[in-house]
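Taking it in order: structure first as structure tokens, then the write-up.
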Amino acid sequence: MLPNLKVENLSCVRSEKAIFKNLNFEVLPGQNIEIIGSNGSGKTTLLRTLLGLINKEEGIINWLDEDNNFNEYRTFDCFYQGHQMGIKNMLTVFENLKLTHNAKGMNEEDINKCLERVGLYKINEMASDLSVGQKKRISIARWLLKDFKIYFIDEPFSALDDPASDLIKEIINELNLKGSSFVITGHRSSNINATLIEI
Amino acid sequence: MLLQGTDLQILTQPLLRFDMRSSVLDWLGIILKRDLIIAFRRSSTYITPLVFFLIVITFFPLALGPQESLLSSLAPGVIWIAALLASLLAVESIFSEDFRDGSLDDFFVSLEPSFILVFAKVMVHWLITGLPILIASSLAAIILYLPLESFVPMILSLLLGTSFMSLLGALGAALSLGKSAILSAIIVLPFSIPTLLMGTSVVTFSLNNQDYSGFLMMMGAMLAIGIPMLCLLTVEALLLNYD
């Protein structure tokens, strides 16, 4: 089985200080990578570097294309969720899902199913009236809009109670079974089935 | 007859192009709808520039007195300066919220063209600042005794000029993302001088019954060149904020 993403000798330097050096890993379909590190260790920088938001210093980031060749340019959609979850306070719960490019072509029923899966039923409530945990649930519902090959999620378990953490683990398992992979970050292992990388 | 690979490619090419176009239009539609809903729910976004524009306009008759000839001769410059400053009021907000809440990351990670994001943002900015100013400029023209014959040239010049200002504003906003709000206005103002000169010239020439079409054509050309160039520069400026 070919990996969807192959990282070789990846390094990042900021202000002449090496944030991470010579990272090597592969993201196979249905398998997860968990990047563990303390605050400021470069977890977010690594995710952003992988996705091309930040220029890499050294190393190779190769993506699998439709012809099973590896190249620098990504040809498939990935899902990225940073610390800020992209939730718009002036939109309702439903609109926060519907008005994203990943919901293109989806009908109301499909979107409602995604929201119900994460336990959000008051779909016309304004996001500004929700707690941080509930907003996080909206962002998790966004994972379900489409089957992405790789999900890059920055600290998915922060600001969540136990039931919500269990929900995330369940959803990760479900998506893994469909062949999706997760690259997640955290301060400690979250006990999901993943290859740990410490930076 | 069996179709060969190349024949199939020729047949599917227009379909692929159509898909691409419809995808880009969907993308544009989603951003426009989302940002317009947010702007209308937060009424200060479009009311503030409009009120600012009208207040500046009403200050002139109050300060200079109701002399028709003086006010009508000053009207082109006054309307244009007020429109320019008012359109810059909301410039900082073009990308700041998306940057703060992480939506911008989502746009750049998606495989959709970033150019469309910027273009949609510029359109929204124009719809919530330029369009109300354009409508209010008729009232401003009455307050400043601008002759009725100059209304159409004034509207046309403001239509082209405020659109160009939104494009310039987006670039300024991208360059000053996460920094002081006034910085984007300071970046944009020097570059708005040609638009200001041509816009006021259109109205002044029409007041003097002279041909103003050349200025309008220049403004149209600037807008036509500005749409692709400034949108692409804005994309690059936005990406600088990640490094």
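Order determines the names: the first chain of the structure tokens is A, the second B, and so forth; residues in each chain are numbered 1 upward, and ligands are numbered 1 upward as they are shown.
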Self-check item: Residue list for chain A near chain B as a count of residues only, 8 Å, only C-alpha atoms
Solution: 25
Self-check item: Shell of 8 Å around stretch 20-36 of chain A, only C-alpha atoms, local chain residues under 3 positions omitted, as a ChimeraX atom specification
Solution: /A:1-13,41-43,59,149,175-189,193-199
Practice problem: Based on DSSP run over this structure's backbone, return all residues of stretch 129-193 of chain A in strand (DSSP E or B), as a PyMOL selection string. | Solution: chain A and resi 150-153+181-186
Atoms to include: N, CA and C atoms. Write the selected residues as an mmCIF file, in the first residue's frame.
```cif
data_model
loop_
_atom_site.group_PDB
_atom_site.id
_atom_site.type_symbol
_atom_site.label_atom_id
_atom_site.label_comp_id
_atom_site.auth_asym_id
_atom_site.auth_seq_id
_atom_site.Cartn_x
_atom_site.Cartn_y
_atom_site.Cartn_z
ATOM 1 N N ILE A 150 -6.550 12.927 3.976
ATOM 2 C CA ILE A 150 -5.788 13.190 5.210
ATOM 3 C C ILE A 150 -6.411 14.379 5.948
ATOM 4 N N TYR A 151 -6.560 14.222 7.256
ATOM 5 C CA TYR A 151 -7.033 15.304 8.118
ATOM 6 C C TYR A 151 -5.849 15.786 8.950
ATOM 7 N N PHE A 152 -5.558 17.067 8.894
ATOM 8 C CA PHE A 152 -4.492 17.651 9.715
ATOM 9 C C PHE A 152 -5.181 18.459 10.819
ATOM 10 N N ILE A 153 -5.125 17.953 12.031
ATOM 11 C CA ILE A 153 -5.877 18.600 13.110
ATOM 12 C C ILE A 153 -4.923 19.005 14.233
ATOM 13 N N SER A 181 -6.790 9.218 6.801
ATOM 14 C CA SER A 181 -5.718 9.239 7.813
ATOM 15 C C SER A 181 -5.785 10.549 8.592
ATOM 16 N N PHE A 182 -5.255 10.526 9.780
ATOM 17 C CA PHE A 182 -5.209 11.736 10.612
ATOM 18 C C PHE A 182 -3.766 12.055 10.979
ATOM 19 N N VAL A 183 -3.408 13.311 10.854
ATOM 20 C CA VAL A 183 -2.135 13.786 11.406
ATOM 21 C C VAL A 183 -2.554 14.790 12.478
ATOM 22 N N ILE A 184 -2.414 14.409 13.736
ATOM 23 C CA ILE A 184 -2.877 15.300 14.802
ATOM 24 C C ILE A 184 -1.727 15.688 15.719
ATOM 25 N N THR A 185 -1.909 16.779 16.420
ATOM 26 C CA THR A 185 -0.878 17.217 17.360
ATOM 27 C C THR A 185 -1.446 17.203 18.786
ATOM 28 N N GLY A 186 -0.574 17.232 19.739
ATOM 29 C CA GLY A 186 -1.011 17.268 21.135
ATOM 30 C C GLY A 186 0.171 17.372 22.072
#
```
Exercise. If you run DSSP over the backbone, which residues in chain A end up helix (DSSP H, G or I)? Put them as a PyMOL selection string.
Key: chain A and resi 43-50+93-98+101-103+108-117+127-129+132-143+162-177
